[in-house]
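data00.cif follows (mmCIF, C-alpha atoms):
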```
data_start
#
loop_
_atom_site.label_atom_id
_atom_site.label_comp_id
_atom_site.auth_asym_id
_atom_site.auth_seq_id
_atom_site.Cartn_x
_atom_site.Cartn_y
_atom_site.Cartn_z
CA MET A 155 -2.43 4.75 31.09
CA SER A 156 -1.13 5.90 27.71
CA LYS A 157 -3.32 7.79 25.32
CA TYR A 158 -3.14 7.50 21.57
CA PHE A 159 -4.49 10.34 19.48
CA ILE A 160 -4.74 10.13 15.72
CA ASN A 161 -3.47 13.59 14.81
CA GLY A 162 -2.71 13.21 11.13
CA ILE A 163 -4.09 11.08 8.32
CA GLY A 164 -3.07 10.47 4.71
CA CYS A 165 -4.71 8.31 2.10
CA VAL A 166 -4.02 7.19 -1.46
CA SER A 167 -6.93 5.13 -2.72
CA ALA A 168 -9.22 4.40 -5.63
CA GLN A 169 -10.90 7.73 -4.80
CA LYS A 170 -9.36 11.19 -5.08
CA THR A 171 -8.45 11.16 -1.40
CA THR A 172 -5.23 13.15 -1.81
CA ASP A 173 -7.29 16.09 -2.99
CA THR A 174 -8.41 18.02 0.10
CA ALA A 175 -11.37 19.46 -1.77
CA THR A 176 -12.78 15.98 -2.38
CA GLY A 177 -15.26 14.59 0.14
CA PHE A 178 -17.29 11.41 0.53
CA GLN A 179 -19.98 12.97 -1.67
CA ASP A 180 -17.52 12.85 -4.59
CA PHE A 181 -16.60 9.19 -4.15
CA GLU A 182 -17.63 6.82 -6.90
CA GLU A 183 -18.68 3.26 -6.15
CA LEU A 184 -16.44 0.64 -7.74
CA THR A 185 -17.95 -1.18 -10.70
CA THR A 186 -15.17 -3.53 -11.77
CA ASN A 187 -13.36 -6.46 -10.16
CA LEU A 188 -9.95 -4.74 -10.40
CA VAL A 189 -9.51 -1.23 -9.06
CA SER A 190 -6.30 0.79 -9.14
CA VAL A 191 -5.62 3.90 -7.10
CA GLN A 192 -6.17 7.42 -8.38
CA LYS A 193 -2.58 8.42 -8.97
CA PRO A 194 -1.53 11.62 -7.24
CA ASN A 195 1.19 13.83 -8.70
CA TYR A 196 4.03 11.85 -7.16
CA ARG A 197 6.58 14.53 -7.98
CA GLU A 198 4.94 16.88 -5.50
CA TYR A 199 5.91 14.49 -2.72
CA ILE A 200 8.96 12.48 -3.83
CA GLN A 201 12.36 13.55 -5.14
CA PRO A 202 12.45 12.88 -8.92
CA SER A 203 15.74 10.98 -8.59
CA MET A 204 14.08 8.49 -6.22
CA ILE A 205 10.87 7.95 -8.17
CA ARG A 206 12.18 5.87 -11.06
CA ARG A 207 12.93 2.78 -8.99
CA MET A 208 9.77 2.97 -6.91
CA SER A 209 6.84 0.69 -7.58
CA ILE A 210 3.28 1.95 -7.09
CA GLY A 211 3.20 0.64 -3.50
CA VAL A 212 6.31 2.57 -2.50
CA LYS A 213 5.07 5.72 -4.20
CA MET A 214 1.63 5.43 -2.58
CA GLY A 215 3.21 4.88 0.83
CA ALA A 216 5.55 7.83 0.42
CA VAL A 217 2.67 10.12 -0.56
CA ALA A 218 0.21 8.93 2.14
CA SER A 219 2.85 9.18 4.88
CA SER A 220 3.89 12.62 3.70
CA ILE A 221 0.28 13.85 3.81
CA ALA A 222 -0.26 12.36 7.29
CA LEU A 223 2.91 13.96 8.69
CA LYS A 224 2.03 17.32 7.17
CA ASP A 225 -1.50 17.03 8.55
CA ALA A 226 -0.09 16.43 12.05
CA LEU A 227 2.55 19.17 11.62
CA LEU A 228 5.22 16.58 12.39
CA GLU A 229 8.53 16.48 10.52
CA THR A 230 10.16 13.27 11.73
CA PRO A 231 8.38 10.53 13.69
CA GLU A 232 9.97 8.60 16.56
CA ALA A 233 9.06 5.32 14.86
CA ILE A 234 7.73 4.13 11.49
CA ILE A 235 5.58 1.00 11.61
CA THR A 236 4.06 -0.33 8.41
CA GLY A 237 1.66 -3.15 7.66
CA SER A 238 1.60 -4.88 4.28
CA GLY A 239 0.03 -8.20 3.51
CA MET A 240 1.76 -8.73 0.17
CA GLY A 241 4.59 -6.19 0.20
CA CYS A 242 5.98 -4.85 -3.06
CA LEU A 243 4.15 -7.32 -5.19
CA GLN A 244 4.95 -5.81 -8.60
CA ASP A 245 8.70 -6.11 -8.07
CA SER A 246 8.29 -9.61 -6.61
CA GLU A 247 6.35 -10.65 -9.71
CA LYS A 248 8.89 -8.96 -11.99
CA PHE A 249 11.83 -10.69 -10.32
CA LEU A 250 10.17 -14.11 -10.43
CA ARG A 251 9.11 -13.55 -14.04
CA ASN A 252 12.73 -12.69 -14.93
CA ILE A 253 13.91 -15.94 -13.35
CA ILE A 254 11.50 -17.93 -15.51
CA ASP A 255 11.91 -15.96 -18.75
CA ASN A 256 15.71 -15.91 -18.57
CA ASP A 257 16.12 -19.49 -17.45
CA GLU A 258 17.56 -18.40 -14.10
CA GLN A 259 20.23 -16.32 -15.84
CA PHE A 260 20.73 -12.56 -16.20
CA LEU A 261 19.01 -11.58 -12.96
CA THR A 262 19.09 -7.85 -12.40
CA PRO A 263 19.25 -6.36 -8.91
CA THR A 264 16.62 -3.61 -8.88
CA ALA A 265 13.45 -5.70 -8.72
CA PHE A 266 15.02 -8.00 -6.13
CA ILE A 267 16.13 -5.10 -3.93
CA GLN A 268 12.70 -3.46 -4.15
CA SER A 269 10.61 -6.59 -3.79
CA THR A 270 10.73 -6.95 -0.03
CA HIS A 271 7.83 -6.13 2.25
CA ASN A 272 9.74 -3.46 4.14
CA THR A 273 10.68 -1.42 1.06
CA VAL A 274 7.86 1.06 1.75
CA GLY A 275 8.85 1.73 5.36
CA ALA A 276 12.50 1.92 4.35
CA GLN A 277 11.89 4.42 1.55
CA ILE A 278 9.77 6.61 3.84
CA ALA A 279 12.63 6.61 6.35
CA LEU A 280 15.17 7.41 3.62
CA GLY A 281 13.04 10.27 2.37
CA LEU A 282 12.71 11.70 5.88
CA GLY A 283 16.23 10.89 6.99
CA CYS A 284 14.61 9.05 9.91
CA LYS A 285 16.87 6.52 11.64
CA ALA A 286 14.32 5.54 14.28
CA TYR A 287 12.64 2.15 14.86
CA ASN A 288 11.32 0.90 11.53
CA VAL A 289 9.35 -2.32 11.27
CA THR A 290 6.93 -3.85 8.79
CA TYR A 291 4.30 -6.39 9.78
CA VAL A 292 3.19 -9.01 7.30
CA HIS A 293 0.12 -10.62 8.82
CA ASP A 294 -2.33 -11.04 5.97
CA ALA A 295 -5.51 -9.04 6.64
CA THR A 296 -4.35 -8.01 10.12
CA SER A 297 -1.04 -6.50 8.99
CA PHE A 298 -2.19 -2.93 9.63
CA GLU A 299 -3.83 -3.80 12.94
CA THR A 300 -0.59 -5.44 14.09
CA SER A 301 1.29 -2.25 13.31
CA MET A 302 -1.26 -0.38 15.44
CA ILE A 303 -0.73 -2.78 18.34
CA ASP A 304 3.04 -2.40 18.10
CA ALA A 305 2.72 1.40 18.04
CA MET A 306 0.49 1.36 21.11
CA MET A 307 2.92 -0.89 22.96
CA MET A 308 5.87 1.31 22.03
CA MET A 309 4.12 4.43 23.24
CA MET A 310 3.03 2.70 26.44
CA ASP A 311 6.24 0.86 27.31
CA ASP A 312 8.98 2.93 25.73
CA GLY A 313 7.38 6.34 26.02
CA GLU A 314 7.52 7.33 22.34
CA LYS A 315 5.61 10.57 21.86
CA ASN A 316 4.63 9.88 18.29
CA VAL A 317 4.61 7.03 15.80
CA LEU A 318 3.86 6.97 12.08
CA ILE A 319 1.79 3.91 11.23
CA GLY A 320 0.31 2.78 7.97
CA GLY A 321 -0.93 0.06 5.68
CA VAL A 322 0.10 -0.44 2.05
CA ASP A 323 -0.73 -3.02 -0.57
CA GLU A 324 -0.42 -2.82 -4.35
CA ILE A 325 -1.98 -4.72 -7.23
CA GLY A 326 0.10 -7.39 -8.91
CA LYS A 327 -1.26 -8.43 -12.30
CA PHE A 328 -0.21 -12.06 -11.99
CA THR A 329 -1.57 -12.24 -8.43
CA PHE A 330 -4.86 -10.78 -9.64
CA GLU A 331 -5.19 -13.44 -12.33
CA THR A 332 -4.25 -16.19 -9.88
CA GLN A 333 -6.69 -14.98 -7.24
CA LYS A 334 -9.42 -14.78 -9.85
CA LEU A 335 -8.63 -18.33 -10.89
CA ILE A 336 -9.00 -19.66 -7.34
CA GLY A 337 -12.13 -17.62 -6.66
CA HIS A 338 -10.70 -15.14 -4.17
CA VAL A 339 -11.41 -12.32 -6.64
CA LYS A 340 -14.70 -12.03 -8.50
CA ASN A 341 -14.74 -13.66 -11.89
CA GLU A 342 -17.11 -11.17 -13.50
CA ASP A 343 -15.31 -8.06 -14.76
CA THR A 344 -18.13 -5.66 -13.94
CA LEU A 345 -20.48 -5.41 -10.98
CA ALA A 346 -23.90 -4.33 -12.10
CA ASN A 347 -25.35 -3.88 -8.61
CA GLY A 348 -22.35 -2.97 -6.48
CA ILE A 349 -20.75 -5.13 -3.79
CA LEU A 350 -23.68 -4.96 -1.40
CA LEU A 351 -26.05 -6.83 -3.72
CA SER A 352 -23.40 -9.06 -5.20
CA GLU A 353 -24.30 -12.72 -5.19
CA SER A 354 -20.97 -14.05 -6.40
CA LYS A 355 -17.92 -15.41 -4.63
CA GLY A 356 -14.73 -13.41 -4.28
CA ALA A 357 -13.94 -9.77 -3.67
CA VAL A 358 -13.08 -6.72 -5.76
CA TYR A 359 -9.28 -6.58 -5.95
CA GLY A 360 -7.84 -3.20 -5.05
CA GLU A 361 -4.85 -1.38 -3.66
CA GLY A 362 -4.10 1.60 -1.48
CA ALA A 363 -1.97 3.24 1.19
CA GLN A 364 -3.20 4.86 4.39
CA PHE A 365 -0.93 6.41 7.00
CA PHE A 366 -1.65 7.89 10.42
CA VAL A 367 0.28 9.88 12.98
CA LEU A 368 -0.34 8.60 16.49
CA GLU A 369 0.63 10.98 19.27
CA ASN A 370 0.29 10.92 23.02
CA LYS A 371 -1.24 14.40 23.14
CA LYS A 372 -4.44 15.87 21.78
CA THR A 373 -4.02 18.68 19.29
CA ASN A 374 -6.37 21.01 17.46
CA ASN A 375 -6.17 18.60 14.55
CA SER A 376 -6.95 15.38 16.46
CA TYR A 377 -9.35 13.12 14.60
CA ALA A 378 -9.98 10.46 17.22
CA LYS A 379 -8.54 8.61 20.15
CA LEU A 380 -7.40 5.06 19.48
CA ILE A 381 -8.68 3.04 22.42
CA ASP A 382 -7.93 -0.59 21.64
CA VAL A 383 -7.16 -3.12 18.91
CA ALA A 384 -7.67 -6.90 18.95
CA ILE A 385 -6.90 -9.53 16.33
CA TYR A 386 -7.91 -13.18 16.02
CA ASN A 387 -6.59 -15.51 13.37
CA GLU A 388 -9.59 -17.82 13.78
CA LEU A 389 -12.90 -17.57 15.55
CA SER A 390 -15.34 -20.39 16.06
CA GLU A 391 -18.86 -20.02 14.75
CA GLY A 392 -20.74 -18.00 17.30
CA GLY A 393 -17.47 -16.90 18.85
CA LEU A 394 -17.46 -13.57 17.01
CA THR A 395 -20.31 -11.97 19.00
CA LYS A 396 -18.82 -13.19 22.25
CA LYS A 397 -15.39 -11.79 21.39
CA ILE A 398 -16.87 -8.41 20.47
CA GLU A 399 -18.78 -8.25 23.76
CA THR A 400 -15.64 -9.24 25.71
CA PHE A 401 -13.61 -6.63 23.79
CA LEU A 402 -16.12 -3.93 24.61
CA THR A 403 -16.42 -4.98 28.26
CA LYS A 404 -12.63 -4.82 28.56
CA ASN A 405 -12.92 -1.21 27.45
CA SER A 406 -15.81 -0.47 29.85
CA LEU A 407 -18.36 -0.31 27.06
CA SER A 408 -21.48 -2.21 26.11
CA VAL A 409 -22.89 -2.87 22.63
CA SER A 410 -25.56 -0.20 23.16
CA GLU A 411 -22.87 2.42 23.78
CA ILE A 412 -21.36 1.97 20.32
CA ASP A 413 -22.62 4.83 18.14
CA LEU A 414 -21.27 3.56 14.86
CA VAL A 415 -20.00 0.24 13.58
CA VAL A 416 -17.73 0.23 10.51
CA LEU A 417 -17.83 -3.08 8.65
CA GLY A 418 -15.39 -4.50 6.11
CA ILE A 419 -18.06 -5.94 3.79
CA ASN A 420 -16.36 -6.76 0.48
CA GLY A 421 -19.13 -8.37 -1.56
CA ASP A 422 -17.92 -11.94 -1.19
CA VAL A 423 -21.15 -13.87 -0.75
CA GLU A 424 -19.26 -16.68 0.92
CA TYR A 425 -17.83 -14.64 3.82
CA ASP A 426 -19.94 -11.49 4.20
CA GLU A 427 -22.19 -13.62 6.39
CA HIS A 428 -19.91 -12.68 9.31
CA TYR A 429 -20.97 -9.06 8.93
CA LYS A 430 -24.62 -9.84 8.26
CA LYS A 431 -24.90 -11.70 11.54
CA LEU A 432 -23.66 -8.65 13.42
CA GLN A 433 -25.86 -6.32 11.38
CA ASN A 434 -28.98 -8.30 12.12
CA LEU A 435 -28.27 -9.20 15.73
CA ILE A 436 -26.08 -7.28 18.20
CA PHE A 437 -25.74 -4.15 16.06
CA LYS A 438 -29.27 -4.02 14.63
CA ASN A 439 -29.98 -0.84 16.61
CA THR A 440 -26.58 0.73 15.86
CA ALA A 441 -25.72 2.94 12.90
CA GLN A 442 -23.72 0.86 10.40
CA VAL A 443 -21.41 1.88 7.55
CA TYR A 444 -19.21 0.09 5.01
CA TYR A 445 -16.33 1.35 2.88
CA LYS A 446 -14.87 -1.32 0.58
CA HIS A 447 -17.27 -0.30 -2.21
CA PHE A 448 -14.95 2.75 -2.42
CA SER A 449 -11.58 1.10 -1.79
CA GLY A 450 -11.75 -2.48 -3.02
CA GLU A 451 -10.28 -5.37 -1.03
CA TYR A 452 -6.60 -5.68 -0.18
CA ASN A 453 -4.80 -6.98 2.87
CA THR A 454 -4.61 -3.54 4.46
CA ALA A 455 -7.99 -2.23 3.28
CA SER A 456 -9.03 -2.01 6.94
CA ALA A 457 -6.69 1.01 7.13
CA PHE A 458 -9.02 2.70 4.65
CA GLY A 459 -11.78 1.84 7.14
CA VAL A 460 -9.86 3.56 9.94
CA TRP A 461 -9.26 6.56 7.66
CA THR A 462 -13.01 6.66 6.90
CA ALA A 463 -13.90 6.40 10.60
CA CYS A 464 -11.49 9.23 11.47
CA LYS A 465 -13.18 11.49 8.92
CA LEU A 466 -16.67 10.56 10.12
CA ILE A 467 -15.77 11.22 13.76
CA LYS A 468 -14.27 14.58 12.92
CA GLU A 469 -17.08 15.64 10.61
CA GLN A 470 -19.78 14.13 12.87
CA THR A 471 -21.94 13.26 9.89
CA ILE A 472 -22.52 10.03 8.02
CA PRO A 473 -22.92 10.37 4.25
CA GLN A 474 -25.74 8.37 2.70
CA SER A 475 -23.31 6.53 0.41
CA LEU A 476 -21.66 4.81 3.39
CA LYS A 477 -24.81 3.84 5.28
CA LEU A 478 -25.92 0.25 5.67
CA ASN A 479 -29.05 0.99 7.70
CA THR A 480 -31.35 3.84 8.65
CA VAL A 481 -30.42 4.14 12.32
CA GLU A 482 -29.75 7.81 13.00
CA VAL A 483 -26.98 8.97 15.28
CA THR A 484 -26.82 12.45 16.76
CA SER A 485 -23.29 12.25 18.10
CA ILE A 486 -20.55 9.89 16.88
CA LYS A 487 -18.56 9.13 20.01
CA ASN A 488 -17.68 5.43 20.21
CA VAL A 489 -16.85 3.71 16.92
CA LEU A 490 -16.09 0.03 16.48
CA LEU A 491 -14.46 -1.31 13.31
CA TYR A 492 -14.72 -4.98 12.46
CA ASN A 493 -12.92 -6.63 9.57
CA GLN A 494 -12.12 -10.17 8.42
CA TYR A 495 -10.84 -11.73 5.22
CA ARG A 496 -12.22 -15.03 3.97
CA GLY A 497 -13.44 -15.96 7.44
CA LYS A 498 -10.02 -15.53 9.01
CA ASN A 499 -7.90 -12.77 10.49
CA HIS A 500 -10.66 -10.98 12.36
CA SER A 501 -9.89 -7.57 13.81
CA PHE A 502 -11.59 -5.08 16.12
CA VAL A 503 -10.51 -1.46 16.37
CA LEU A 504 -12.11 0.87 18.89
CA LEU A 505 -12.01 4.62 18.31
CA LYS A 506 -13.44 7.42 20.40
CA SER A 507 -14.08 11.05 19.57
CA CYS A 508 -11.88 13.50 21.41
CA MET K 145 26.99 1.76 -35.34
CA GLU K 146 24.28 4.45 -35.40
CA ASP K 147 21.61 1.77 -35.11
CA LEU K 148 23.41 0.28 -32.12
CA LYS K 149 23.63 3.65 -30.39
CA LEU K 150 19.91 4.17 -30.89
CA GLU K 151 19.20 0.68 -29.57
CA LEU K 152 21.36 1.33 -26.50
CA LYS K 153 19.60 4.61 -25.72
CA LYS K 154 16.20 2.95 -26.06
CA ASN K 155 17.18 -0.02 -23.87
CA ILE K 156 18.82 2.12 -21.19
CA ILE K 157 15.70 4.29 -20.89
CA GLU K 158 13.49 1.22 -20.66
CA ILE K 159 15.62 -0.95 -18.36
CA LEU K 160 16.56 1.84 -15.97
CA ASN K 161 13.07 3.36 -16.07
CA LEU K 162 14.36 6.82 -16.98
CA GLU K 163 10.85 8.08 -17.56
CA ASP K 164 11.94 11.73 -17.78
CA LEU K 165 14.37 11.12 -20.62
CA SER K 166 13.83 10.54 -24.31
CA ILE K 167 16.32 9.32 -26.92
CA GLU K 168 16.86 12.90 -28.04
CA ASP K 169 18.09 13.84 -24.55
CA PHE K 170 21.10 11.54 -24.90
CA ASP K 171 24.13 12.95 -26.60
CA ASP K 172 26.45 10.18 -27.75
CA ASN K 173 29.29 11.65 -25.70
CA ASP K 174 27.33 12.54 -22.57
CA SER K 175 28.70 11.00 -19.40
CA LEU K 176 26.23 8.32 -18.29
CA PHE K 177 27.21 8.55 -14.61
CA GLY K 178 27.77 11.46 -12.26
CA ASP K 179 26.95 14.89 -13.66
CA GLY K 180 25.79 13.58 -17.03
CA ILE K 181 22.74 11.34 -17.20
CA GLY K 182 23.15 10.65 -13.45
CA LEU K 183 23.21 6.86 -13.32
CA ASP K 184 24.45 5.15 -10.13
CA SER K 185 26.04 1.86 -9.01
CA ILE K 186 22.77 -0.13 -9.15
CA ASP K 187 22.33 1.05 -12.73
CA ALA K 188 25.84 -0.17 -13.48
CA LEU K 189 24.83 -3.67 -12.36
CA GLU K 190 21.78 -3.49 -14.64
CA LEU K 191 24.01 -2.48 -17.55
CA ILE K 192 26.43 -5.36 -16.87
CA VAL K 193 23.49 -7.78 -17.07
CA MET K 194 22.26 -6.07 -20.25
CA LEU K 195 25.68 -6.55 -21.92
CA ASP K 196 25.65 -10.24 -21.04
CA LYS K 197 22.03 -10.86 -22.02
CA ASP K 198 21.80 -8.84 -25.23
CA TYR K 199 25.34 -8.99 -26.61
CA GLY K 200 26.97 -12.02 -24.98
CA ILE K 201 29.63 -9.89 -23.32
CA ARG K 202 30.47 -11.10 -19.82
CA LEU K 203 32.47 -8.65 -17.75
CA THR K 204 34.68 -10.59 -15.38
CA ASP K 205 35.97 -7.48 -13.64
CA PRO K 206 33.17 -5.06 -12.61
CA LYS K 207 35.77 -2.26 -12.60
CA GLU K 208 35.86 -2.56 -16.38
CA GLY K 209 32.35 -1.18 -16.41
CA LYS K 210 33.53 2.24 -15.28
CA LYS K 211 35.40 2.68 -18.56
CA ILE K 212 32.94 0.88 -20.84
CA PHE K 213 29.91 2.76 -19.56
CA GLU K 214 31.52 6.16 -19.90
CA SER K 215 29.16 7.24 -22.68
CA ILE K 216 26.92 5.81 -25.39
CA GLU K 217 29.74 6.32 -27.88
CA VAL K 218 32.24 4.30 -25.79
CA MET K 219 29.67 1.59 -25.05
CA ALA K 220 28.75 1.18 -28.71
CA THR K 221 32.40 0.92 -29.74
CA TYR K 222 33.13 -1.68 -27.03
CA ILE K 223 30.06 -3.74 -27.95
CA THR K 224 30.92 -3.67 -31.65
CA GLU K 225 34.40 -4.96 -30.91
CA HIS K 226 33.46 -7.62 -28.35
CA ARG K 227 29.92 -8.78 -29.06
CA LYS K 228 29.26 -12.51 -29.34
CA LYS K 229 25.64 -12.22 -30.42
#
```

Give the structure from this file in C-alpha cells form.
Amino acid sequence: MSKYFINGIGCVSAQKTTDTATGFQDFEELTTNLVSVQKPNYREYIQPSMIRRMSIGVKMGAVASSIALKDALLETPEAIITGSGMGCLQDSEKFLRNIIDNDEQFLTPTAFIQSTHNTVGAQIALGLGCKAYNVTYVHDATSFETSMIDAMMMMMDDGEKNVLIGGVDEIGKFTFETQKLIGHVKNEDTLANGILLSESKGAVYGEGAQFFVLENKKTNNSYAKLIDVAIYNELSEGGLTKKIETFLTKNSLSVSEIDLVVLGINGDVEYDEHYKKLQNLIFKNTAQVYYKHFSGEYNTASAFGVWTACKLIKEQTIPQSLKLNTVEVTSIKNVLLYNQYRGKNHSFVLLKSC
Amino acid sequence: MEDLKLELKKNIIEILNLEDLSIEDFDDNDSLFGDGIGLDSIDALELIVMLDKDYGIRLTDPKEGKKIFESIEVMATYITEHRKK
C-alpha cells in the first residue's frame, strides 16, 4: 500500500504565515466580513517580469508553492495538482466588466488569458519549468480535497514519488458584494464577538493559498502522513455521523482513537449546526479545534485547516486560540478534519503523526 | 503633442500594469519592445485595442503595430496623423 507523507508546507493567508518567525500565538482573529491576505514580498519569490500580469491568486499560489517546495527540499515535482473553487476571480470579473462597459467591443486579451481556473497551476509550472502532469480541480468546497485524492491515486497507481498539491482562491470585489446580497457572506461589516459567537447568517469572506509536497518517503521534515480523504456532495440528516464512523472503520480506527478533530466552523449560524452536532455527540470527549477565525471562508479554506493540522501534529501542542473545548490531549497522533460549505460538499481528511 | 505623449505614457503604465515604471522612466525615443521598456506580443495586442478605443484608429494589419509602437515619439506622431476621436 502506498504511503503519503506531507514533507513540505507553504501558506499565504490572512495571517503572517509566510514569516517563519510567526506562530499561532501571533495570529489575530478576524473582525470584519472581508479579509484579504497578508501580502508577502512577491519579488522574493517571483521573477519581476512575470509579476505584472499576475492577479493576487496567482501570486499567492506561486509564493505558497515555492515555500512548500523549499520546505521539502524539492526542486521540481512529478505532478502539480491544484484545487480552486472560483479560479482567478479578479481577472474573470475584470474581463466581464470590460464586456459590459465597452458594449462588447475593445476586449483586451490579458484578463481573458489569466481568468481561467488553471492559471495558478500553469504559472507555477512555468516558473519551475515543470512539464509534468498539471491539473486543476474546480469542485466548490471540495476542490482541494479532490486534488488530494488525485495525488494519492497517482502515487498509488502510477508510482509518482512526489506531487505538489494546493488550494487557491482569491477575493473578487463584485463576487463579495453579490454573496453579501444573497446572504452567503455576513451583512455586518464587523464582528464584535468573533465567528464562534456569531448569530448571523453567512460567513466571513476570505482568500488564501496553501500548498503541500506529498512524497512516498518519510523525511526529517515530515509533518504528517496523509491516510485517507473522502468527499460527499450531499449527506442526509443524520448521515454525517454514520459516514464519519464508516470512514474511520475503513481506516481501522474508532471515534475514541481520534486525538484531535479539526472543524471548518465559519460562523454561519445556518450551517454551523453540522459541526455542533459532532462537537456535542461523537466528538464530545475528543479535543476540538477550529481555524476559519484566522483564515476566513473560501472554497479552499480547508487547505488552511490541513496546514494548521500539519503544524499542530509537528509541534504536538494545541494553542488556546484554536481550542473549541477543554479536552486535553497528551499526544496528537490521529487527526480528523471535517469541513462543509452551506450544508453541502462535506469532506473528511485523516492525518496521522509520523 | 507633448500632452499626447504624457497621456500615452500614463495609459501604457496603467493598462499594462507596469508598476515598476513611472512617467519619468520613459524617454520619448526609448524602444517600447525588446531591450527598451521590454513589452511583449500580448502587450502589443493591448496597445492595438487602446488605439481603437481611445483614438478610433483600427489597425487592419497587426504587422503595422511593429512600426507604430516603436517608441512614444512614433506612436504620438501616428496618432496625431490618424486619430478619429

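For the residues A:Ala233, A:Asn375, A:Met306, A:Thr262, ranking by smallest atom-to-atom distance to Ile186 in chain K using only C-alpha atoms places A:Thr262 first.
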
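Counting all atoms listed in the file and comparing K:Lys153, K:Lys229, K:Arg202, K:Lys211, the residue that lies closest to Asp171 in chain K is K:Lys153.
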
Please give the centre and size of the box around range 156-165 of chain K (axis-aligned, containing every atom listed in the file, 3 Å added per side), with values in Å to one decimal and written as AutoDock Vina command-line options.
```
--center_x 14.8 --center_y 5.4 --center_z -18.6 --size_x 14.0 --size_y 18.7 --size_z 11.2
```

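The residues returned by the PyMOL selection byres ((chain A) within 12 of (chain K)) on the shown structure are Arg197, Pro202, Ser203, Met204, Ile205, Arg206, Arg207, Met208, Ser209, Asn252, Asp255, Asn256, Asp257, Glu258, Gln259, Phe260, Leu261, Thr262, Pro263, Thr264, Ala265, Phe266, Ile267 and Gln268 of chain A.
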
Nearest residue to Lys468 in chain A from the set A:Gly162, A:Gly497, A:Gly418, A:Gly281 (distances using all atoms listed in the file): A:Gly162

Straight-line distance linking CA of Leu505 in chain A with CA of Leu380 in chain A, stated in Å to one decimal: 4.8 Å

Name the residues that the PyMOL selection byres ((chain A and resi 431-439) around 10) pulls out of this structure, and write them as number ranges by chain. A: 392, 394-395, 398-399, 409-410, 412-415, 417, 426-430, 440-442, 478-482, 492

Correct to one decimal, the distance CA of Thr185 in chain A-CA of Ala346 in chain A is 6.9 Å

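Counting from CA of Ser456 in chain A, the distance to CA of Asn493 in chain A is 6.6 Å.
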
For this structure, which residues satisfy the selection - the PyMOL selection byres ((chain K and resi 218-221) around 12) - when it is evaluated on the file as given? I want them as a PyMOL selection string. chain K and resi 145-153+156+171-176+191-192+194-195+199+201+208-217+222-227

File of the preceding selection, C-alpha atoms, as a PDB file, in the frame of the given file:
```
ATOM      1  CA  MET K 145      26.990   1.760 -35.340  1.00  0.00           C
ATOM      2  CA  GLU K 146      24.280   4.450 -35.400  1.00  0.00           C
ATOM      3  CA  ASP K 147      21.610   1.770 -35.110  1.00  0.00           C
ATOM      4  CA  LEU K 148      23.410   0.280 -32.120  1.00  0.00           C
ATOM      5  CA  LYS K 149      23.630   3.650 -30.390  1.00  0.00           C
ATOM      6  CA  LEU K 150      19.910   4.170 -30.890  1.00  0.00           C
ATOM      7  CA  GLU K 151      19.200   0.680 -29.570  1.00  0.00           C
ATOM      8  CA  LEU K 152      21.360   1.330 -26.500  1.00  0.00           C
ATOM      9  CA  LYS K 153      19.600   4.610 -25.720  1.00  0.00           C
ATOM     10  CA  ILE K 156      18.820   2.120 -21.190  1.00  0.00           C
ATOM     11  CA  ASP K 171      24.130  12.950 -26.600  1.00  0.00           C
ATOM     12  CA  ASP K 172      26.450  10.180 -27.750  1.00  0.00           C
ATOM     13  CA  ASN K 173      29.290  11.650 -25.700  1.00  0.00           C
ATOM     14  CA  ASP K 174      27.330  12.540 -22.570  1.00  0.00           C
ATOM     15  CA  SER K 175      28.700  11.000 -19.400  1.00  0.00           C
ATOM     16  CA  LEU K 176      26.230   8.320 -18.290  1.00  0.00           C
ATOM     17  CA  LEU K 191      24.010  -2.480 -17.550  1.00  0.00           C
ATOM     18  CA  ILE K 192      26.430  -5.360 -16.870  1.00  0.00           C
ATOM     19  CA  MET K 194      22.260  -6.070 -20.250  1.00  0.00           C
ATOM     20  CA  LEU K 195      25.680  -6.550 -21.920  1.00  0.00           C
ATOM     21  CA  TYR K 199      25.340  -8.990 -26.610  1.00  0.00           C
ATOM     22  CA  ILE K 201      29.630  -9.890 -23.320  1.00  0.00           C
ATOM     23  CA  GLU K 208      35.860  -2.560 -16.380  1.00  0.00           C
ATOM     24  CA  GLY K 209      32.350  -1.180 -16.410  1.00  0.00           C
ATOM     25  CA  LYS K 210      33.530   2.240 -15.280  1.00  0.00           C
ATOM     26  CA  LYS K 211      35.400   2.680 -18.560  1.00  0.00           C
ATOM     27  CA  ILE K 212      32.940   0.880 -20.840  1.00  0.00           C
ATOM     28  CA  PHE K 213      29.910   2.760 -19.560  1.00  0.00           C
ATOM     29  CA  GLU K 214      31.520   6.160 -19.900  1.00  0.00           C
ATOM     30  CA  SER K 215      29.160   7.240 -22.680  1.00  0.00           C
ATOM     31  CA  ILE K 216      26.920   5.810 -25.390  1.00  0.00           C
ATOM     32  CA  GLU K 217      29.740   6.320 -27.880  1.00  0.00           C
ATOM     33  CA  TYR K 222      33.130  -1.680 -27.030  1.00  0.00           C
ATOM     34  CA  ILE K 223      30.060  -3.740 -27.950  1.00  0.00           C
ATOM     35  CA  THR K 224      30.920  -3.670 -31.650  1.00  0.00           C
ATOM     36  CA  GLU K 225      34.400  -4.960 -30.910  1.00  0.00           C
ATOM     37  CA  HIS K 226      33.460  -7.620 -28.350  1.00  0.00           C
ATOM     38  CA  ARG K 227      29.920  -8.780 -29.060  1.00  0.00           C
TER      39      ARG K 227
END
```

If we count all atoms listed in the file, what is near Thr296 in chain A at a cut-off of 8 Å, once residues fewer than 5 positions away on the same chain are taken out, given as an MDAnalysis selection string? chainID A and resid 239 385 453:454 499:501
